[in-house]
>>> print(open('coords32.txt').read())   # compact mmCIF, C-alpha atoms and all ligand atoms
# COMPACT_ATOMS: atom_id res chain seq x y z
CA MET J 4 -89.61 2.94 169.60
CA LEU J 5 -87.93 5.81 171.40
CA HIS J 6 -85.85 6.56 168.37
CA LYS J 7 -88.91 6.64 166.14
CA SER J 8 -90.87 9.16 168.27
CA ALA J 9 -87.78 11.33 168.52
CA THR J 10 -87.60 11.36 164.73
CA ILE J 11 -91.26 12.35 164.44
CA ARG J 12 -90.78 15.23 166.83
CA GLN J 13 -87.79 16.49 164.82
CA THR J 14 -89.90 16.37 161.70
CA ASP J 15 -92.80 18.22 163.31
CA ILE J 16 -90.55 21.01 164.45
CA ALA J 17 -89.03 21.29 161.02
CA LEU J 18 -92.45 21.46 159.36
CA ASN J 19 -93.99 23.83 161.93
CA PRO J 20 -91.46 26.32 163.25
CA ILE J 21 -92.60 27.34 166.74
CA ASP J 22 -94.28 30.73 166.67
CA VAL J 23 -93.73 32.52 169.98
CA SER J 24 -95.37 35.80 169.04
CA TYR J 25 -98.69 34.87 170.68
CA ILE J 26 -97.20 34.27 174.15
CA PRO J 27 -98.21 37.19 176.38
CA HIS J 28 -95.32 38.84 178.18
CA HIS J 29 -97.38 39.88 181.18
CA MET J 30 -99.62 37.35 182.88
CA ASN J 31 -101.79 40.07 184.34
CA GLU J 32 -105.55 40.41 184.87
CA ASP J 33 -106.09 41.45 181.24
CA ALA J 34 -104.41 38.33 179.96
CA LEU J 35 -106.60 36.33 182.35
CA SER J 36 -109.91 37.77 181.21
CA GLU J 37 -110.14 38.27 177.42
CA HIS J 38 -113.88 38.15 178.20
CA ALA J 39 -113.82 34.37 178.51
CA VAL J 40 -116.73 33.21 180.69
CA SER J 41 -114.63 30.36 182.03
CA PRO J 42 -111.10 31.53 182.89
CA PRO J 43 -108.28 29.92 180.90
CA ILE J 44 -105.87 27.35 182.26
CA PHE J 45 -102.33 28.73 182.21
CA GLN J 46 -100.67 25.37 181.70
CA THR J 47 -97.17 26.77 181.87
CA SER J 48 -94.14 26.10 184.04
CA ASN J 49 -92.53 29.52 183.69
CA PHE J 50 -93.07 33.12 182.57
CA CYS J 51 -90.97 35.41 180.41
CA PHE J 52 -90.13 39.09 180.72
CA SER J 53 -89.49 41.92 178.32
CA SER J 54 -86.37 43.18 180.06
CA PHE J 55 -83.57 42.44 182.49
CA VAL J 56 -85.15 44.85 184.97
CA GLU J 57 -88.52 43.03 184.92
CA LEU J 58 -86.89 39.62 185.25
CA LYS J 59 -84.80 40.88 188.19
CA ALA J 60 -87.88 42.35 189.89
CA ALA J 61 -89.78 39.06 189.57
CA LEU J 62 -86.83 37.11 191.01
CA GLU J 63 -86.62 39.48 193.95
CA ASP J 64 -90.31 38.89 194.70
CA GLU J 65 -90.76 35.20 193.97
CA VAL J 66 -93.49 34.92 196.64
CA GLY J 67 -95.55 37.62 194.93
CA SER J 68 -94.85 37.33 191.21
CA CYS J 69 -95.50 34.94 188.34
CA LEU J 70 -91.94 33.82 187.69
CA TYR J 71 -92.23 30.04 187.94
CA THR J 72 -95.34 27.92 188.61
CA ARG J 73 -93.81 26.36 191.74
CA GLY J 74 -94.42 29.80 193.26
CA ASN J 75 -97.28 31.42 191.35
CA ASN J 76 -99.49 30.81 188.35
CA PRO J 77 -102.44 32.98 187.21
CA THR J 78 -105.00 30.13 187.22
CA VAL J 79 -103.84 28.98 190.65
CA ASN J 80 -103.75 32.56 191.98
CA LEU J 81 -107.31 33.17 190.77
CA VAL J 82 -108.61 30.18 192.74
CA GLU J 83 -106.58 31.27 195.76
CA SER J 84 -108.22 34.69 195.74
CA LYS J 85 -111.68 33.11 195.57
CA ILE J 86 -111.00 30.74 198.47
CA ALA J 87 -109.46 33.53 200.56
CA ALA J 88 -112.64 35.60 200.05
CA LEU J 89 -114.90 32.63 200.88
CA GLU J 90 -112.96 31.93 204.10
CA HIS J 91 -112.81 35.61 205.16
CA GLY J 92 -109.01 35.51 205.00
CA GLU J 93 -106.56 37.94 203.40
CA LYS J 94 -104.69 35.42 201.31
CA ALA J 95 -104.62 31.73 200.37
CA LYS J 96 -102.02 29.28 199.10
CA LEU J 97 -103.11 26.33 197.00
CA LEU J 98 -100.98 23.18 197.29
CA GLY J 99 -100.87 19.70 195.82
CA ALA J 100 -102.76 17.96 198.66
CA GLY J 101 -104.60 18.59 201.90
CA VAL J 102 -101.69 17.01 203.76
CA ALA J 103 -99.32 19.49 202.05
CA ALA J 104 -101.48 22.35 203.35
CA ILE J 105 -101.32 20.86 206.85
CA SER J 106 -97.59 20.11 206.85
CA ASN J 107 -96.58 23.43 205.25
CA ALA J 108 -98.73 25.45 207.67
CA VAL J 109 -97.42 23.58 210.71
CA MET J 110 -93.75 23.32 209.73
CA ALA J 111 -93.37 26.98 208.79
CA PHE J 112 -93.92 28.00 212.41
CA VAL J 113 -91.91 25.47 214.42
CA ARG J 114 -88.25 24.81 215.00
CA GLN J 115 -86.19 22.51 217.21
CA GLY J 116 -87.34 22.67 220.83
CA ASP J 117 -90.86 23.89 220.03
CA HIS J 118 -94.08 22.21 221.11
CA ILE J 119 -97.43 21.62 219.38
CA ILE J 120 -100.81 20.92 220.99
CA CYS J 121 -103.14 18.85 218.81
CA VAL J 122 -106.68 17.59 219.39
CA ALA J 123 -107.24 13.83 219.65
CA ASP J 124 -108.71 12.04 216.63
CA SER J 125 -107.34 14.59 214.16
CA TYR J 126 -106.84 13.35 210.58
CA GLY J 127 -104.50 10.33 210.64
CA TRP J 128 -101.75 11.90 208.56
CA MET J 129 -101.70 14.95 210.87
CA GLN J 130 -100.96 12.59 213.74
CA ARG J 131 -98.20 11.01 211.68
CA LEU J 132 -96.75 14.47 210.95
CA LEU J 133 -96.43 15.03 214.71
CA THR J 134 -94.45 11.78 215.02
CA TYR J 135 -92.34 12.79 212.00
CA LEU J 136 -91.53 16.15 213.61
CA GLU J 137 -90.15 14.45 216.74
CA ARG J 138 -87.17 13.60 214.55
CA PHE J 139 -86.40 17.33 214.32
CA GLY J 140 -86.83 17.96 218.04
CA VAL J 141 -90.42 19.26 217.89
CA SER J 142 -92.59 17.70 220.60
CA HIS J 143 -96.36 17.52 220.95
CA THR J 144 -99.22 16.83 223.32
CA ILE J 145 -102.50 15.27 222.18
CA VAL J 146 -105.49 16.54 224.13
CA ASP J 147 -109.22 15.80 224.27
CA GLY J 148 -110.53 18.71 222.21
CA THR J 149 -113.88 18.69 223.99
CA ARG J 150 -112.09 19.80 227.18
CA THR J 151 -110.92 23.38 226.61
CA GLU J 152 -109.36 23.41 230.09
CA ASP J 153 -107.11 20.47 229.10
CA ILE J 154 -105.86 22.45 226.11
CA GLU J 155 -104.98 25.39 228.38
CA ARG J 156 -103.26 23.06 230.85
CA ALA J 157 -101.10 21.58 228.07
CA ILE J 158 -99.62 24.98 227.15
CA ARG J 159 -95.87 25.35 227.77
CA PRO J 160 -93.56 28.33 227.25
CA GLU J 161 -92.34 26.68 224.03
CA THR J 162 -95.84 25.93 222.61
CA ARG J 163 -96.12 27.52 219.16
CA ILE J 164 -99.22 25.93 217.61
CA ILE J 165 -102.62 24.68 218.76
CA TYR J 166 -103.95 22.45 216.00
CA LEU J 167 -107.73 22.02 215.73
CA GLU J 168 -110.00 19.91 213.58
CA SER J 169 -113.69 20.41 214.22
CA PRO J 170 -115.37 17.98 214.04
CA THR J 171 -112.68 15.35 214.52
CA SER J 172 -112.12 12.57 211.96
CA LEU J 173 -114.24 9.43 212.47
CA THR J 174 -115.48 10.41 215.97
CA PHE J 175 -117.05 13.82 215.13
CA PHE J 176 -116.39 15.65 218.39
CA ILE J 177 -116.18 19.42 218.14
CA GLN J 178 -114.10 22.06 219.89
CA ASP J 179 -115.16 25.37 221.41
CA ILE J 180 -113.23 27.34 218.79
CA PRO J 181 -113.80 30.92 220.11
CA ALA J 182 -112.82 29.89 223.67
CA ILE J 183 -109.68 28.12 222.46
CA THR J 184 -108.53 30.94 220.18
CA ALA J 185 -108.99 33.43 223.04
CA ILE J 186 -106.68 31.32 225.22
CA ALA J 187 -104.19 30.93 222.36
CA LYS J 188 -104.10 34.67 221.70
CA ALA J 189 -103.49 35.40 225.39
CA HIS J 190 -100.41 33.14 225.18
CA GLY J 191 -99.23 34.35 221.75
CA ILE J 192 -99.82 30.91 220.20
CA ARG J 193 -100.91 30.40 216.59
CA THR J 194 -104.07 28.33 215.92
CA ILE J 195 -104.55 26.22 212.81
CA MET J 196 -107.89 24.58 212.02
CA ASP J 197 -108.83 21.95 209.46
CA ASN J 198 -112.21 23.12 208.09
CA SER J 199 -112.60 20.46 205.36
CA TRP J 200 -115.77 19.05 206.96
CA ALA J 201 -117.92 22.19 207.24
CA THR J 202 -116.47 24.06 204.24
CA PRO J 203 -116.68 27.88 204.17
CA ILE J 204 -120.39 27.49 203.39
CA PHE J 205 -121.13 26.34 206.94
CA CYS J 206 -118.22 27.68 209.03
CA ASN J 207 -115.60 30.44 208.84
CA PRO J 208 -113.02 29.67 211.54
CA ILE J 209 -111.21 32.99 210.95
CA ASP J 210 -114.31 34.77 212.30
CA PHE J 211 -113.82 32.79 215.53
CA GLY J 212 -110.21 33.95 215.85
CA VAL J 213 -108.41 31.07 214.09
CA ASP J 214 -105.14 32.22 212.47
CA LEU J 215 -104.79 29.67 209.67
CA VAL J 216 -107.47 27.53 208.03
CA VAL J 217 -106.52 24.43 206.06
CA HIS J 218 -108.68 22.41 203.69
CA SER J 219 -108.42 19.23 201.72
CA LEU J 220 -109.72 20.41 198.35
CA SER J 221 -110.01 16.73 197.45
CA LYS J 222 -113.26 16.71 199.45
CA TYR J 223 -116.12 19.22 199.09
CA LEU J 224 -114.37 22.18 197.44
CA GLY J 225 -113.30 20.06 194.49
CA GLY J 226 -116.54 18.21 195.02
CA ASN J 227 -116.28 15.63 192.25
CA SER J 228 -113.85 12.98 193.55
CA ASP J 229 -111.46 13.77 190.71
CA ILE J 230 -108.57 15.80 192.17
CA ILE J 231 -106.14 15.88 195.10
CA GLY J 232 -105.42 19.36 196.44
CA GLY J 233 -105.10 21.50 199.54
CA VAL J 234 -105.21 25.13 200.61
CA ILE J 235 -104.06 27.32 203.51
CA VAL J 236 -105.92 30.58 204.26
CA GLY J 237 -104.89 33.35 206.67
CA LYS J 238 -103.20 36.72 207.03
CA ALA J 239 -101.11 37.74 204.02
CA GLU J 240 -98.03 37.97 206.22
CA ASP J 241 -98.47 34.37 207.47
CA ILE J 242 -99.20 32.98 204.00
CA ASP J 243 -96.14 34.72 202.51
CA HIS J 244 -94.03 33.34 205.36
CA ILE J 245 -95.31 29.80 204.67
CA VAL J 246 -94.64 30.11 200.93
CA TRP J 247 -91.12 31.42 201.45
CA GLN J 248 -90.21 29.07 204.35
CA GLU J 249 -91.87 25.87 203.18
CA SER J 250 -93.92 25.72 199.98
CA LEU J 251 -91.29 26.89 197.50
CA GLN J 252 -88.81 24.55 199.20
CA MET J 253 -91.02 21.46 199.62
CA GLY J 254 -92.54 21.67 196.16
CA ALA J 255 -96.04 20.28 196.78
CA VAL J 256 -97.21 22.43 193.88
CA ALA J 257 -100.86 22.89 192.88
CA ASP J 258 -100.98 22.29 189.14
CA PRO J 259 -103.04 24.71 187.04
CA PHE J 260 -105.50 22.08 185.79
CA MET J 261 -106.23 20.89 189.32
CA ALA J 262 -106.78 24.52 190.37
CA TRP J 263 -109.17 25.01 187.46
CA LEU J 264 -111.16 21.90 188.41
CA VAL J 265 -111.39 23.17 191.99
CA MET J 266 -112.73 26.49 190.70
CA ARG J 267 -115.31 24.63 188.63
CA GLY J 268 -116.30 22.57 191.66
CA MET J 269 -116.58 25.65 193.87
CA ARG J 270 -119.17 27.19 191.57
CA THR J 271 -121.72 24.66 192.86
CA LEU J 272 -120.48 24.44 196.46
CA HIS J 273 -123.34 26.53 197.88
CA ILE J 274 -125.88 24.40 195.98
CA ARG J 275 -124.35 21.06 196.94
CA MET J 276 -123.74 21.63 200.66
CA PRO J 277 -127.37 22.18 201.70
CA VAL J 278 -128.33 18.96 199.85
CA HIS J 279 -125.59 16.98 201.64
CA TYR J 280 -126.84 18.54 204.91
CA ARG J 281 -130.53 17.76 204.40
CA SER J 282 -129.87 14.17 203.31
CA ALA J 283 -127.28 13.50 206.04
CA LEU J 284 -129.72 14.70 208.68
CA ALA J 285 -132.47 12.45 207.30
CA VAL J 286 -130.18 9.40 207.21
CA ALA J 287 -128.73 10.15 210.67
CA GLN J 288 -132.24 10.42 212.13
CA PHE J 289 -133.20 7.11 210.53
CA LEU J 290 -130.11 5.42 211.99
CA GLU J 291 -130.47 6.79 215.51
CA ASN J 292 -133.95 5.25 215.71
CA HIS J 293 -132.85 1.87 214.39
CA PRO J 294 -132.72 -1.01 216.92
CA ARG J 295 -129.41 -2.37 215.56
CA VAL J 296 -127.59 0.97 215.84
CA ALA J 297 -125.90 1.85 219.14
CA SER J 298 -125.20 5.56 218.48
CA VAL J 299 -124.87 8.17 215.73
CA ASN J 300 -122.09 10.78 215.72
CA TYR J 301 -123.39 13.80 213.80
CA PRO J 302 -123.00 17.20 215.50
CA MET J 303 -126.15 18.54 213.80
CA LEU J 304 -128.36 15.89 215.49
CA ALA J 305 -130.18 17.18 218.57
CA SER J 306 -128.96 14.04 220.40
CA HIS J 307 -125.23 14.84 219.85
CA PRO J 308 -123.66 15.71 223.23
CA GLN J 309 -122.27 18.97 221.78
CA HIS J 310 -125.25 19.94 219.65
CA GLU J 311 -125.70 23.36 221.30
CA LEU J 312 -122.06 24.28 220.58
CA ALA J 313 -122.41 22.90 217.04
CA GLN J 314 -125.27 25.31 216.38
CA LYS J 315 -123.04 28.22 217.42
CA LEU J 316 -120.17 27.14 215.18
CA PHE J 317 -121.84 25.69 212.09
CA ARG J 318 -124.56 27.15 209.87
CA GLY J 319 -125.20 23.61 208.69
CA GLY J 320 -123.55 20.23 208.54
CA SER J 321 -121.91 18.33 205.73
CA GLY J 322 -122.69 14.82 204.52
CA LEU J 323 -120.04 13.06 206.63
CA PHE J 324 -120.73 11.35 209.96
CA SER J 325 -120.27 8.03 211.72
CA PHE J 326 -122.36 5.56 213.68
CA ARG J 327 -121.82 2.44 215.75
CA LEU J 328 -123.48 -0.88 215.19
CA LYS J 329 -124.59 -2.68 218.36
CA THR J 330 -122.55 -5.70 217.34
CA HIS J 331 -118.76 -5.62 217.83
CA SER J 332 -118.15 -8.55 215.51
CA VAL J 333 -115.91 -7.71 212.55
CA GLU J 334 -117.76 -10.41 210.54
CA ASP J 335 -121.05 -8.55 211.14
CA VAL J 336 -119.43 -5.25 210.15
CA ALA J 337 -118.07 -6.85 206.97
CA ARG J 338 -121.46 -8.39 206.11
CA PHE J 339 -123.20 -5.05 206.64
CA VAL J 340 -120.71 -3.16 204.50
CA ASP J 341 -120.77 -5.78 201.73
CA SER J 342 -124.56 -5.85 201.52
CA LEU J 343 -124.87 -2.13 200.77
CA SER J 344 -125.60 -1.55 197.11
CA LEU J 345 -125.77 2.26 196.76
CA PHE J 346 -122.88 3.10 199.10
CA LYS J 347 -119.47 2.52 197.55
CA ARG J 348 -116.79 1.05 199.83
CA ALA J 349 -114.07 3.72 199.75
CA VAL J 350 -111.93 6.18 201.69
CA SER J 351 -112.26 9.94 201.19
CA TRP J 352 -115.54 11.83 200.71
CA GLY J 353 -117.02 15.08 199.38
CA GLY J 354 -118.18 14.04 195.92
CA TYR J 355 -121.52 13.10 194.40
CA GLU J 356 -121.32 9.49 195.63
CA SER J 357 -122.39 8.08 198.94
CA LEU J 358 -119.57 6.11 200.54
CA VAL J 359 -119.06 3.78 203.45
CA PHE J 360 -115.83 3.39 205.41
CA PRO J 361 -115.70 0.91 208.31
CA GLU J 362 -112.95 1.78 210.78
CA ALA J 363 -112.35 -1.99 211.20
CA ALA J 364 -110.84 -1.90 207.67
CA HIS J 365 -107.97 0.29 208.89
CA TYR J 366 -104.38 -0.95 209.22
CA ALA J 367 -104.38 -4.28 211.02
CA GLY J 368 -104.06 -3.93 214.75
CA SER J 369 -104.28 -0.12 214.79
CA VAL J 370 -108.02 0.02 215.56
CA PRO J 371 -108.91 -0.05 219.28
CA ALA J 372 -111.27 -2.94 220.12
CA ASP J 373 -114.03 -0.56 221.18
CA ARG J 374 -114.03 1.10 217.76
CA LEU J 375 -114.37 -1.97 215.57
CA ASN J 376 -118.10 -1.23 215.20
CA LEU J 377 -117.53 2.37 214.07
CA ILE J 378 -118.73 3.02 210.53
CA ARG J 379 -118.35 6.29 208.64
CA LEU J 380 -120.81 7.30 205.97
CA HIS J 381 -120.56 10.00 203.36
CA ILE J 382 -124.04 11.00 202.28
CA GLY J 383 -123.78 12.09 198.67
CA LEU J 384 -126.23 13.81 196.36
CA GLU J 385 -128.44 10.81 195.57
CA ASP J 386 -132.06 10.61 196.72
CA ALA J 387 -131.95 10.32 200.54
CA SER J 388 -134.92 7.93 200.68
CA LEU J 389 -133.07 5.44 198.47
CA LEU J 390 -130.02 5.68 200.75
CA VAL J 391 -132.22 4.99 203.79
CA GLN J 392 -133.76 1.95 202.02
CA ASP J 393 -130.30 0.61 201.23
CA LEU J 394 -129.13 1.00 204.86
CA ALA J 395 -132.36 -0.57 206.14
CA GLN J 396 -131.91 -3.72 204.07
CA ALA J 397 -128.22 -4.00 205.02
CA LEU J 398 -129.02 -3.61 208.74
CA GLU J 399 -131.34 -6.64 208.48
CA GLY J 400 -128.20 -8.78 208.21
CA VAL J 401 -126.62 -7.73 211.52
C1 LIG S 501 -108.70 13.95 203.43
C2 LIG S 501 -108.39 14.83 204.58
C3 LIG S 501 -107.18 15.52 204.66
C4 LIG S 501 -106.05 15.28 203.69
O1 LIG S 501 -106.31 15.76 202.44
P1 LIG S 501 -105.62 15.17 201.10
O2 LIG S 501 -106.16 16.07 200.06
O3 LIG S 501 -106.08 13.75 200.99
O4 LIG S 501 -104.15 15.25 201.27
C5 LIG S 501 -107.01 16.41 205.68
N1 LIG S 501 -107.96 16.61 206.61
C6 LIG S 501 -109.12 15.94 206.59
C7 LIG S 501 -110.12 16.20 207.64
C8 LIG S 501 -109.38 15.02 205.57
O5 LIG S 501 -110.51 14.33 205.59
>>> encode(input="coords32.txt", output="structure tokens", more="lines below")
Ligand SMILES: *Cc1c(COP(=O)(O)O)cnc(C)c1O
Amino acid sequence: MLHKSATIRQTDIALNPIDVSYIPHHMNEDALSEHAVSPPIFQTSNFCFSSFVELKAALEDEVGSCLYTRGNNPTVNLVESKIAALEHGEKAKLLGAGVAAISNAVMAFVRQGDHIICVADSYGWMQRLLTYLERFGVSHTIVDGTRTEDIERAIRPETRIIYLESPTSLTFFIQDIPAITAIAKAHGIRTIMDNSWATPIFCNPIDFGVDLVVHSLSKYLGGNSDIIGGVIVGKAEDIDHIVWQESLQMGAVADPFMAWLVMRGMRTLHIRMPVHYRSALAVAQFLENHPRVASVNYPMLASHPQHELAQKLFRGGSGLFSFRLKTHSVEDVARFVDSLSLFKRAVSWGGYESLVFPEAAHYAGSVPADRLNLIRLHIGLEDASLLVQDLAQALEGV
């Protein structure tokens, strides 16, 4: 079989000698435009140069030039410039996953002996990164992000990073971002914030003094549940440092087609987010008035304990929140989840589809007993009244 396909390829090459004359030598803005309404995908691993001098110059500036797609690629760079503008940052770096954005941003600024402060209930793989870094002599303290004074108290001379995620994963507590960044700046500590939930449509952490913003593009920015990607946004100097120190080395490369799909998704971001917001609010209000629901964790609800702060930080809310059933029985949780017909049972979020994720489904034994009744919903772009009907009938069973 192998031999046969190899033979075919030989034949093809013989019949169609490869014509290289059409390959542009400079992957500059002109090459990108050509008046195409939708920008092209530069599906290429490397770039060629017309002279020794140009090749040498590109090698000397691998962080800034299109030499090799592990560093730069015109399609990827185009999306980076759009995200940087949306997030009010100077520069952005697209990577192969949200966790790559997190780990590259964190690891570029710590070394042996350093210390990281991280809010409780941050994304699970961020917490695992902190454990991973212990191996290299980097320690951490997890603090309740709702208590700004606890964050200040946790600061040590060797603290380099305060890591924020607002709201937190699954529990949806928020942090007083401007107060925390003021404290961090006074101590010369870098702040990193995961803004995947609000997206740049509803929150710009850089305006509140955050140094580096990270996103999982797999969620709302991609917006179609069809890619895995991540991005870091911040000052050009910090982004260049991350690329040189970590990204080029670690190789979690954003491929050009993924970048192109993210760009396509971002064109409807400002249309999609208000719909997620309106529907999530309607569903959250339905749930908080339901007799079988103990509580609803959505910062945009007036009943959320931090609602006033949420209004200062967010121009709106996304479609992701959690609630607690009154029952703590895992059988009840399972019956509820299984009887939903419009909500798909899945991890992740940010696409068209409404999803349900019961925390009780997490790794056996890792869920605290008092969280077995915690259920996360992603409210998608379907008709909100149909979603409410579906939840109503499923709640009948618990
Ligand atoms: C999904 C997620 C991530 C990780 O992103 P991937 O693209 O899956 O690597 C990071 N932060 C938050 C808040 C997420 O929900």
>>> residues_near_ligand(input="coords32.txt", ligand="ligand LIG 501 (chain S)", cutoff="8 Å", atoms="all atoms listed in the file", output="list of chain:residue names")
J:Gly99, J:Ala100, J:Gly101, J:Val102, J:Ala103, J:Ala104, J:Ile105, J:Ser125, J:Tyr126, J:Trp128, J:Met129, J:Glu168, J:Thr171, J:Ser172, J:Asp197, J:Asn198, J:Ser199, J:Trp200, J:Val217, J:His218, J:Ser219, J:Leu220, J:Ser221, J:Lys222, J:Ile231, J:Gly232, J:Gly233, J:Ser351, J:Trp352
>>> write_last_selection(input="coords32.txt", atoms="C-alpha atoms", output="PDB file, keeping the file's coordinate frame")
ATOM      1  CA  GLY J  99    -100.870  19.700 195.820  1.00  0.00           C
ATOM      2  CA  ALA J 100    -102.760  17.960 198.660  1.00  0.00           C
ATOM      3  CA  GLY J 101    -104.600  18.590 201.900  1.00  0.00           C
ATOM      4  CA  VAL J 102    -101.690  17.010 203.760  1.00  0.00           C
ATOM      5  CA  ALA J 103     -99.320  19.490 202.050  1.00  0.00           C
ATOM      6  CA  ALA J 104    -101.480  22.350 203.350  1.00  0.00           C
ATOM      7  CA  ILE J 105    -101.320  20.860 206.850  1.00  0.00           C
ATOM      8  CA  SER J 125    -107.340  14.590 214.160  1.00  0.00           C
ATOM      9  CA  TYR J 126    -106.840  13.350 210.580  1.00  0.00           C
ATOM     10  CA  TRP J 128    -101.750  11.900 208.560  1.00  0.00           C
ATOM     11  CA  MET J 129    -101.700  14.950 210.870  1.00  0.00           C
ATOM     12  CA  GLU J 168    -110.000  19.910 213.580  1.00  0.00           C
ATOM     13  CA  THR J 171    -112.680  15.350 214.520  1.00  0.00           C
ATOM     14  CA  SER J 172    -112.120  12.570 211.960  1.00  0.00           C
ATOM     15  CA  ASP J 197    -108.830  21.950 209.460  1.00  0.00           C
ATOM     16  CA  ASN J 198    -112.210  23.120 208.090  1.00  0.00           C
ATOM     17  CA  SER J 199    -112.600  20.460 205.360  1.00  0.00           C
ATOM     18  CA  TRP J 200    -115.770  19.050 206.960  1.00  0.00           C
ATOM     19  CA  VAL J 217    -106.520  24.430 206.060  1.00  0.00           C
ATOM     20  CA  HIS J 218    -108.680  22.410 203.690  1.00  0.00           C
ATOM     21  CA  SER J 219    -108.420  19.230 201.720  1.00  0.00           C
ATOM     22  CA  LEU J 220    -109.720  20.410 198.350  1.00  0.00           C
ATOM     23  CA  SER J 221    -110.010  16.730 197.450  1.00  0.00           C
ATOM     24  CA  LYS J 222    -113.260  16.710 199.450  1.00  0.00           C
ATOM     25  CA  ILE J 231    -106.140  15.880 195.100  1.00  0.00           C
ATOM     26  CA  GLY J 232    -105.420  19.360 196.440  1.00  0.00           C
ATOM     27  CA  GLY J 233    -105.100  21.500 199.540  1.00  0.00           C
ATOM     28  CA  SER J 351    -112.260   9.940 201.190  1.00  0.00           C
ATOM     29  CA  TRP J 352    -115.540  11.830 200.710  1.00  0.00           C
TER      30      TRP J 352
END
>>> residues_around(input="coords32.txt", residues="stretch 116-124 of chain J", least_positions_apart="4", cutoff="8 Å", atoms="all atoms listed in the file", output="PyMOL selection string")
chain J and resi 140-148+154+157-159+161-168+171-174
>>> atom_distance(input="coords32.txt", atom1="atom CA of J:Pro181", atom2="atom CA of J:Pro208")
8.7 Å
>>> atom_distance(input="coords32.txt", atom1="atom CA of J:Asp335", atom2="atom CA of J:His365")
15.9 Å
>>> residues_around(input="coords32.txt", residues="stretch 305-319 of chain J", least_positions_apart="3", cutoff="7 Å", atoms="only C-alpha atoms", output="PyMOL selection string")
chain J and resi 205-206+280+300-302
>>> write_last_selection(input="coords32.txt", atoms="C-alpha atoms", output="short mmCIF file (atom, residue, chain, number, x, y, z; two decimals), in the frame of the given file")
data_model
loop_
_atom_site.label_atom_id
_atom_site.label_comp_id
_atom_site.auth_asym_id
_atom_site.auth_seq_id
_atom_site.Cartn_x
_atom_site.Cartn_y
_atom_site.Cartn_z
CA PHE J 205 -121.13 26.34 206.94
CA CYS J 206 -118.22 27.68 209.03
CA TYR J 280 -126.84 18.54 204.91
CA ASN J 300 -122.09 10.78 215.72
CA TYR J 301 -123.39 13.80 213.80
CA PRO J 302 -123.00 17.20 215.50
#
>>> closest_residue(input="coords32.txt", among="J:Val350, J:Gly368, J:Val286, J:Val265", to="J:Asp393", atoms="only C-alpha atoms")
J:Val286
>>> atom_distance(input="coords32.txt", atom1="atom CA of J:Leu272", atom2="atom CA of J:Ala88")
14.1 Å
>>> closest_residue(input="coords32.txt", among="J:Glu57, J:Asp241, J:Asp153, J:Glu63", to="J:Phe112", atoms="all atoms listed in the file")
J:Asp241
>>> closest_residue(input="coords32.txt", among="J:Leu133, J:Met276, J:Ile180, J:Leu358", to="J:Ile204", atoms="only C-alpha atoms")
J:Met276
>>> build_atoms(input="coords32.txt", residues="stretch 255-262 of chain J", atoms="N, CA, C and O atoms", output="mmCIF file, in the coordinates of the input")
data_model
loop_
_atom_site.group_PDB
_atom_site.id
_atom_site.type_symbol
_atom_site.label_atom_id
_atom_site.label_comp_id
_atom_site.auth_asym_id
_atom_site.auth_seq_id
_atom_site.Cartn_x
_atom_site.Cartn_y
_atom_site.Cartn_z
ATOM 1 N N ALA J 255 -94.739 20.955 196.951
ATOM 2 C CA ALA J 255 -96.040 20.280 196.780
ATOM 3 C C ALA J 255 -96.957 21.199 195.979
ATOM 4 O O ALA J 255 -97.958 21.710 196.462
ATOM 5 N N VAL J 256 -96.597 21.402 194.720
ATOM 6 C CA VAL J 256 -97.210 22.430 193.880
ATOM 7 C C VAL J 256 -98.643 22.060 193.448
ATOM 8 O O VAL J 256 -98.924 20.906 193.141
ATOM 9 N N ALA J 257 -99.522 23.065 193.442
ATOM 10 C CA ALA J 257 -100.860 22.890 192.880
ATOM 11 C C ALA J 257 -100.734 23.090 191.373
ATOM 12 O O ALA J 257 -100.282 24.141 190.920
ATOM 13 N N ASP J 258 -101.118 22.092 190.580
ATOM 14 C CA ASP J 258 -100.980 22.290 189.140
ATOM 15 C C ASP J 258 -102.184 23.050 188.609
ATOM 16 O O ASP J 258 -103.273 23.002 189.186
ATOM 17 N N PRO J 259 -101.986 23.811 187.525
ATOM 18 C CA PRO J 259 -103.040 24.710 187.040
ATOM 19 C C PRO J 259 -104.350 23.983 186.692
ATOM 20 O O PRO J 259 -105.427 24.513 186.942
ATOM 21 N N PHE J 260 -104.262 22.790 186.161
ATOM 22 C CA PHE J 260 -105.500 22.080 185.790
ATOM 23 C C PHE J 260 -106.274 21.669 187.033
ATOM 24 O O PHE J 260 -107.508 21.787 187.079
ATOM 25 N N MET J 261 -105.551 21.220 188.065
ATOM 26 C CA MET J 261 -106.230 20.890 189.320
ATOM 27 C C MET J 261 -106.930 22.136 189.861
ATOM 28 O O MET J 261 -108.094 22.082 190.277
ATOM 29 N N ALA J 262 -106.205 23.273 189.849
ATOM 30 C CA ALA J 262 -106.780 24.520 190.370
ATOM 31 C C ALA J 262 -108.059 24.864 189.601
ATOM 32 O O ALA J 262 -109.080 25.258 190.176
#
